[in-house]
Amino acid sequence: QPTKPFHGQQLISQTNQSVSQASFVRGERSIPSQIGPNSIPPTGQPVQRPNVPIGQFNQQRDVLPSSHSTPQQSKQPMVSSPIVGMPHIGQLPSGLQKSEPFQSMVPQLRPTAPQLRPTQSDPRPTMIASPQMMHSQRQASFQSPFRFMPPALSPEQSTSAQNQMHDSYTAPYQGDLKENRFGNMMPPPPLGFPQSSQLQQHTSAVGIPQPGTSIPSQPGSYSQMPPTPGTFAQPGGHPQPRTFTQHGGVPPQPGPYSQPGMPPQPGIPPPSPGLSSSMSPDGQPVQRPVAPLQPPRSRLDPDQIPSPIVVIEEDRMKRSGEEFTTNEVGKIPPLVTTDYVAVDGGNATPRFIRSTLYCFPTGSDLAKQCAVPMSLLINPMADIDSTTERQPPIIDPVQYGYSTPIRCNRCKAYMSPLMQFIDGGRKFQCQLCSCVSDVPQEYFNHLDHTGHRIDLYQRPELHLGSYEFVATADYCKNQKLPKPPAYIFMINVSYNAMKTGVVESLCKELPLILDMLPSETSDKPSDIRVGFVTYTDHLHFYNVKSTLSRPQQVVVSDIQSAFLPLLDGFLVSWEESRCVVEALLDELPAMFADCRSTDSILGPVLQAGLDCLKSAGRAGKLFVFHNGLPSTEAPGSLKNREDRKMLGGDKESVQLSPVNDFYARLGAECVAVGCSVELFAFANQYIDVPTILPVVTLTGGSMYRYSQFDASTDAYRFLRDVERAVSRRVGFDAIMRVRSNQGIRATDFVGNLLMNNTTDVELAAIDADKSIIAEIKHDDTLGRDAGALIQVALLYTSVGGQRRLRIHNLALGASDQFADVYKSADQDTLVNVLAKKASRALLKMPQNEVKDTLINQAATALACYRQSCSSPSSSGQLILPECLKLMPVYVNCLLKHDCVSGGSEVPVDEKRWLIHLLSTMDVGSSAAFFYPPLFSLRDLDSDRPFSAVRCSADKLEDDSAFLLYNGVFLFLWLGQSIPVEWLQRVFGVASINQVALSGAGFPELEGNRKIRKLIASLESQSCRNAKLIVVRQRDQLEGWFRRFLVEDPGPGSNLSYVDFLCHLHKEIRNKIS
């Protein structure tokens, strides 16, 4: 008998707690050590086991033996597994070979892995250890299951081992290329397989097994699974483990206790706890000590994998408030969630252009292997805070002594810091096409000793990345300078619109909104003209000329060929006709209060507005407030064709595509005139958004959708949306072109735009809330020294009627090394680009194909990094580059979003509208759209801002409140046990059931001032006002709220963040192999 009979058992138990279960990925099995280095077998003699190199067990294969084969006896002891029916075997029987039956069973296994938590003093990146690493370190002292202690080594060995370990984290680019490693990432289980939480519930339901006992079979438990490797099928379909004794490696003979869970036979005592039963050579049962069963261990700890919350906070702490100067080639900007000051140093700031890569691959082959798209996110009219940042200066060539902007003779690029002056300043060489052009005499100036013009800092186009030229008549249609634009408000006054309060709310607030019409300068009144039309099943035009005492109405009942009945007095100046317009808005609600018409038209309304602008010779916008399906017999009439069952299937694109091209053709006509459409849709039922939407998207407009509109709760949000749409700065009748240097070119564009050729992007209107994706492709090899040079030119008409050219220049790096490319990635921009391409693909192919494309692209990019940039390591580790470590979570959020995964539970109109939102969303809005921040509202007194937590139900607390914001919805979640004091301070009520918020949001109380400040800060960063929804714990709305907790499993087959990380790792391994 051993001197310390329980020492071996304690060591075995401790080792089992620190070592993960077997790793099954693509038929491979990595088997950790199950017996401690000095564990004591029943004979009392210590057994020394040699260390096994890392990765040795990854090369071993295991299969399920056939029913006609007899596996050879194993000489390794068997230790009971935490999961019944899945034993851990130290060494595979030599007779087992690789075969397909085992591989087919791999998805049914769900092994788990422990997590190692490095101390804060450890400078290396976070790595969750794999079982192979633990196996190679069996000599370690396991002081804690989360603290990895290396074995004792000599000084020389210690130095060498430390260097190798350091290299495994940062090699081959030490200090420059950071990466994150996660060990033994396993694929998710198939549908129906218990999740980890279900496994814990199962264990707690039957109790943690005691030594020497087994878990009885339960319906739906693991015992109902097919036999796993190392088990034999028993009668009744219950797989049982193949057990081996420690006595000479002889398998147990049939006996009363050879099968776990069997009742004791008469006359034979039951086994004692902690002892296993087998038959001695004389046929008598023998009890031997075995390691106790351990409770199932959890999978990867979500707190140990990359978190957007942590990354955002780290970037804010490091770069918040700093000046980001664009005076370096390929300089990576801060995250979009960081508050920084952009300084133009010769390149366009990230406010105007962001790139997925700030160092392009030099060749197309390199770019294809890298699989990170080369794309630019262009927001040419972005809002700039004039108090901290400089607006692009406006350059009038006439004031500088020359008549027109200076351009390259060959590629027509505009004068910029990309030009190089030569021959004493008499000529300049274009860096885009290498053409040498003469400098006009009126533009000539001498060069200094460095080769720069002596007036370099007196001319903005020579030292800034963004600026504007005042265009001449040569840049205008028909060689005529444009007139100021016009806004036409077209209001549906049918029965449904009047009943919901839309018309009354709009007419009451519209005079205050018109005071915010944009102007060239803040001290001048707006030059924009305004007009008004109402409609039901016919049209009403209004004469609001300033000389009239009251407005006049003209009715057009011929909707088959609508025309403009008046021109003089229809489009007027708001300042001059204020009194008449206010009188009209006061009379409209009463004028149509008794309207009983439920018919609606839309095509003739848009055609009439287009004719108004065309006749007036002005660009402008149509603000259409529409209600219901336009089913009246007229141009553009539609019928209800909604079929939700098609969503999520192979024919989903049929429902998401227009039924005809009427509104697409109308949109193209609007673009030719410079007419943009802003559609405010109030729909309680289907209105066929997929068919109507092209007239909005092609003209650069926006659609605002209000389902089940209630004036008491939704009017505030609706009016704030109208206010922003009317007051924001806009460029009209615009044309954009992207030029680049030799080796690359812009090949594709995504956004609300019209393309009549391959180079010119036509935009009826472009504002600060619209962004455009320009996809860049190689047509030759880029030079490393020259890099990638981009110039974006936007020709547009300002709100004051002035024709202008806005220029943005950007210089990026180029490299033939994968490491340089991956280090320059901008994951926020990358996810925005992937989302917009996916939104366009959803209109042409089934959503499953779109999902597969996204996963394949992410796996290809990360697999290329693993092969090309990372140091050799175990295949059980998932390695993520530092700049793309959030790519898996963002891609999973995109896959789970309703615009991609929405099925029959999502209305067709809503899904198509979400795709529309996504197609023009800027980077800042898309970050919250996919991973909404979740704020804990517990601390109301501290001066510190509310802290954001991971977007998971695990972070919700019964005695607290949380705020979730995604740009469209604003959820306030209240726990059932929230203190009464908190409710009284925030809402002025004593019960959670008494909480009721108005459309304007929180009541103005001192106790909720901090919450109102947070909401105002969130909405200031978005182009839309979110709908505030109160969700009480365990009420009906909580299921809807939990759909936005993106780290948790979603509806259907949508995986949690942890499971998707495992699935993505499997795809990466497949590509590498």
# chains A, B, ... in the order shown; residues from 1 in each chain; ligands from 1
>>> residues_around(residues="Gly813 in chain A", least_positions_apart="5", cutoff="12 Å", atoms="only C-alpha atoms", output="number ranges by chain")
A: 328-332, 355, 357-362, 782-790, 820-821, 823-825
>>> residues_around(residues="range 724-738 of chain A", least_positions_apart="3", cutoff="6 Å", atoms="only C-alpha atoms", output="list in words")
Met516, Leu517, Pro518, Gly674, Asp721, Asp760, Val761, Glu762, Leu763, Ala764, Ala765, Ile766, Asp767, Gln791, Val792, Ala793, Leu794, Leu795, Tyr796, Thr797 and Ser798 of chain A
>>> select_by_dssp(residues="range 785-991 of chain A", states="helix (DSSP H, G or I)", output="PyMOL selection string")
chain A and resi 818-823+827-841+847-868+882-884+887-896+898-901+908-920+923-930+953-955+980-986
>>> closest_residue(among="A:Leu335, A:Leu937, A:Ala928, A:Leu1061", to="Arg319 in chain A", atoms="only C-alpha atoms")
A:Leu335
>>> closest_residue(among="A:Ile384, A:Cys1062, A:Arg665, A:Ala953", to="Gly1039 in chain A", atoms="only C-alpha atoms")
A:Ala953
>>> closest_residue(among="A:Glu582, A:Glu575, A:Asp438, A:Glu678", to="Met490 in chain A", atoms="only C-alpha atoms")
A:Glu678
>>> residues_around(residues="Pro440 in chain A", least_positions_apart="6", cutoff="12 Å", atoms="only C-alpha atoms", output="VMD selection string")
chain A and resid 401 to 409 425 to 428
>>> residues_around(residues="Leu656 in chain A", least_positions_apart="3", cutoff="7 Å", atoms="only C-alpha atoms", output="MDAnalysis selection string")
chainID A and resid 652:653 690 843 912
>>> write_last_selection(atoms="N, CA, C and O atoms", output="mmCIF file, in the first residue's frame")
data_model
loop_
_atom_site.group_PDB
_atom_site.id
_atom_site.type_symbol
_atom_site.label_atom_id
_atom_site.label_comp_id
_atom_site.auth_asym_id
_atom_site.auth_seq_id
_atom_site.Cartn_x
_atom_site.Cartn_y
_atom_site.Cartn_z
ATOM 1 N N GLU A 652 -35.566 34.199 -52.167
ATOM 2 C CA GLU A 652 -35.708 35.425 -51.373
ATOM 3 C C GLU A 652 -35.496 36.671 -52.221
ATOM 4 O O GLU A 652 -36.174 37.689 -52.042
ATOM 5 N N SER A 653 -34.558 36.619 -53.156
ATOM 6 C CA SER A 653 -34.254 37.792 -53.974
ATOM 7 C C SER A 653 -35.452 38.237 -54.800
ATOM 8 O O SER A 653 -35.533 39.413 -55.185
ATOM 9 N N PRO A 690 -39.531 47.223 -51.779
ATOM 10 C CA PRO A 690 -38.553 46.863 -52.802
ATOM 11 C C PRO A 690 -38.796 47.506 -54.163
ATOM 12 O O PRO A 690 -37.842 47.821 -54.878
ATOM 13 N N LEU A 843 -29.717 41.087 -52.992
ATOM 14 C CA LEU A 843 -30.742 41.347 -53.994
ATOM 15 C C LEU A 843 -30.603 40.450 -55.211
ATOM 16 O O LEU A 843 -31.453 40.485 -56.105
ATOM 17 N N ARG A 912 -35.990 44.897 -46.586
ATOM 18 C CA ARG A 912 -35.455 45.693 -47.690
ATOM 19 C C ARG A 912 -35.040 47.080 -47.211
ATOM 20 O O ARG A 912 -34.061 47.653 -47.715
#
>>> residues_around(residues="Glu314 in chain A", least_positions_apart="4", cutoff="12 Å", atoms="only C-alpha atoms", output="list in words")
Ser307, Pro308, Ile309, Val310, Lys318, Arg319, Ser320, Pro334, Leu335, Thr337 and Thr338 of chain A
>>> residues_around(residues="Leu972 in chain A", least_positions_apart="2", cutoff="6 Å", atoms="only C-alpha atoms", output="list in words")
Phe962, Leu963, Val1030 and Val1031 of chain A
>>> atom_distance(atom1="CA of Leu462 in chain A", atom2="CA of Ser416 in chain A")
5.2 Å
